[in-house]
Amino acid sequence: MLGFAAPMARSLMFGAQWCGSNWQLILELEDLLTDPHATREALSRAGEIRRQISKHFQPILRGTLGRRHNEWYTPGEVIKLARAVMGDIDMDPASSEIAQQTVRARRYFNKDQNGLRQEWNGRVWLNPPYAQPLIDRFIAKLLMEWRAKRISACIALTNNFTDTAWFQDAASHASAICFTQGRIIFCDPDGELGRPTQGQSYFYFGSDREAFSREFSRVGMIVRPETGLSLHDC
């Protein structure tokens with residue numbers, strides 16, 4: 001009716017969702033652009049914000065489902081939120097040299113080193129492969145290292161497949177979860193952008209739930225799971 005092709009219409013809707021969750025940034029842009037005395041630094045900041053907004057309205061983004069590879073790199077703005085919560089990232093156990101240009105963990109494991117066979121320590125960022133059985137194994141490994149107290153904090157980015165056993169296991173141990181509003185724009189090894197065909201979740205394991213809520217409430221809804229309950233308690 002409005003003359004938009006389906007891919008463009010979906011991009012406009014996703015972009016509008018993102019703007020609704022980041023309205024403070026929109027207001028900042030408006031203030032900068034309507035200020036007749038804006039400095040060169042202010043106009044540079046406005047350009048940065050416009051570029052950040054525009055990438056959420058890309059009409060040629062492709063879904064990640066059915067792609068031949070299983071590597072999707074985390075956007076820099078997500079890593080900034082993770083660092084704001086944890087202070088730094090000591091380990092990224094499911095990574096690559098390209099991904100580390102953004103994550104910049106003190107230590108990381110690539111596919112050949114196989115993070116599933118390594119010991120994880122400190123503050124961990126985890127963006128595991130989403131395909132089965134790898135995501136199941138990476139979540140199981142995360143929970144094992146968390147229970148062993150080798151991890152002091154962790155933020156894990158996954159699909160929001162709430163009906164799966166691995167998701168239920170992670171949720172039952174997590175300190176808090178963020179369910180994203182809209183879908184994250186990832187980048188593949190070829191530099192192409194893509195949105196997953198479902199939403200995402202951030203699992204937080206750590207003692208500073210307030211910091212996680214403060215930072216990640218900017219991108220979605222925060223849930224604090226009730227732990228230690230059985231069906232007889234409900």
# chains A, B, ... in the order shown; residues from 1 in each chain; ligands from 1
call {"tool": "select_by_dssp", "arguments": {"residues": "stretch 64-174 of chain A", "states": "helix (DSSP H, G or I)", "output": "number ranges by chain"}}
result
A: 76-86, 100-103, 115-117, 134-147, 165-173
call {"tool": "select_by_dssp", "arguments": {"residues": "stretch 18-109 of chain A", "states": "strand (DSSP E or B)", "output": "PDB file with C-alpha atoms, in the first residue's frame"}}
result
ATOM      1  CA  ARG A  62      20.055 -10.648   5.090  1.00  0.00           C
ATOM      2  CA  GLY A  63      18.961 -13.083   7.765  1.00  0.00           C
ATOM      3  CA  TYR A  73      30.810 -10.918  14.968  1.00  0.00           C
ATOM      4  CA  MET A  91      38.668 -14.037  28.091  1.00  0.00           C
ATOM      5  CA  ASP A  92      36.701 -14.706  24.910  1.00  0.00           C
ATOM      6  CA  ARG A 107      43.067 -13.860  26.024  1.00  0.00           C
ATOM      7  CA  TYR A 108      40.934 -15.677  23.470  1.00  0.00           C
TER       8      TYR A 108
END
call {"tool": "residues_around", "arguments": {"residues": "stretch 112-118 of chain A", "least_positions_apart": "6", "cutoff": "7 Å", "atoms": "only C-alpha atoms", "output": "list in words"}}
result
Pro93, Ala94, Phe138 and Lys141 of chain A
call {"tool": "atom_distance", "arguments": {"atom1": "atom CA of A:Trp120", "atom2": "atom CA of A:Ile151"}}
result
6.6 Å
call {"tool": "atom_distance", "arguments": {"atom1": "atom CA of A:Asp90", "atom2": "atom CA of A:Phe109"}}
result
11.6 Å
call {"tool": "closest_residue", "arguments": {"among": "A:Val219, A:Thr164, A:Gly206, A:Leu43", "to": "A:Trp23", "atoms": "only C-alpha atoms"}}
result
A:Val219
call {"tool": "closest_residue", "arguments": {"among": "A:Gly122, A:Pro133, A:Pro225, A:Pro75", "to": "A:Leu157", "atoms": "only C-alpha atoms"}}
result
A:Pro75
call {"tool": "residues_around", "arguments": {"residues": "A:Ala170", "least_positions_apart": "6", "cutoff": "12 Å", "atoms": "only C-alpha atoms", "output": "PyMOL selection string"}}
result
chain A and resi 135-144+146-147+154-164+176-177+201-205+225+227
call {"tool": "atom_distance", "arguments": {"atom1": "atom CA of A:Phe57", "atom2": "atom CA of A:Gly20"}}
result
13.2 Å
call {"tool": "residues_around", "arguments": {"residues": "A:Ile222", "least_positions_apart": "5", "cutoff": "12 Å", "atoms": "only C-alpha atoms", "output": "PyMOL selection string"}}
result
chain A and resi 174-181+201-204+209-217
call {"tool": "write_last_selection", "arguments": {"atoms": "C-alpha atoms", "output": "JSON list (two decimals), in the first residue's frame"}}
result
[["chain", "number", "residue", "atom", "x", "y", "z"],
["A", 174, "ALA", "CA", 22.09, -16.48, 35.46],
["A", 175, "SER", "CA", 22.04, -13.43, 37.72],
["A", 176, "ALA", "CA", 19.99, -11.51, 35.14],
["A", 177, "ILE", "CA", 18.87, -11.72, 31.50],
["A", 178, "CYS", "CA", 18.28, -9.01, 28.91],
["A", 179, "PHE", "CA", 15.79, -9.75, 26.13],
["A", 180, "THR", "CA", 16.63, -7.39, 23.28],
["A", 181, "GLN", "CA", 14.08, -5.09, 21.70],
["A", 201, "SER", "CA", 19.30, -12.55, 24.83],
["A", 202, "TYR", "CA", 22.17, -11.49, 27.05],
["A", 203, "PHE", "CA", 22.83, -13.72, 30.05],
["A", 204, "TYR", "CA", 24.66, -12.09, 32.94],
["A", 209, "ARG", "CA", 23.25, -6.92, 38.68],
["A", 210, "GLU", "CA", 22.63, -3.20, 39.09],
["A", 211, "ALA", "CA", 25.38, -2.36, 36.59],
["A", 212, "PHE", "CA", 24.04, -4.93, 34.14],
["A", 213, "SER", "CA", 20.50, -3.56, 34.48],
["A", 214, "ARG", "CA", 21.70, 0.02, 34.07],
["A", 215, "GLU", "CA", 23.67, -0.63, 30.89],
["A", 216, "PHE", "CA", 21.61, -3.29, 29.12],
["A", 217, "SER", "CA", 18.20, -1.77, 29.87]]
call {"tool": "closest_residue", "arguments": {"among": "A:Leu25, A:Met221, A:Leu134, A:Met13", "to": "A:Ile53", "atoms": "only C-alpha atoms"}}
result
A:Leu25
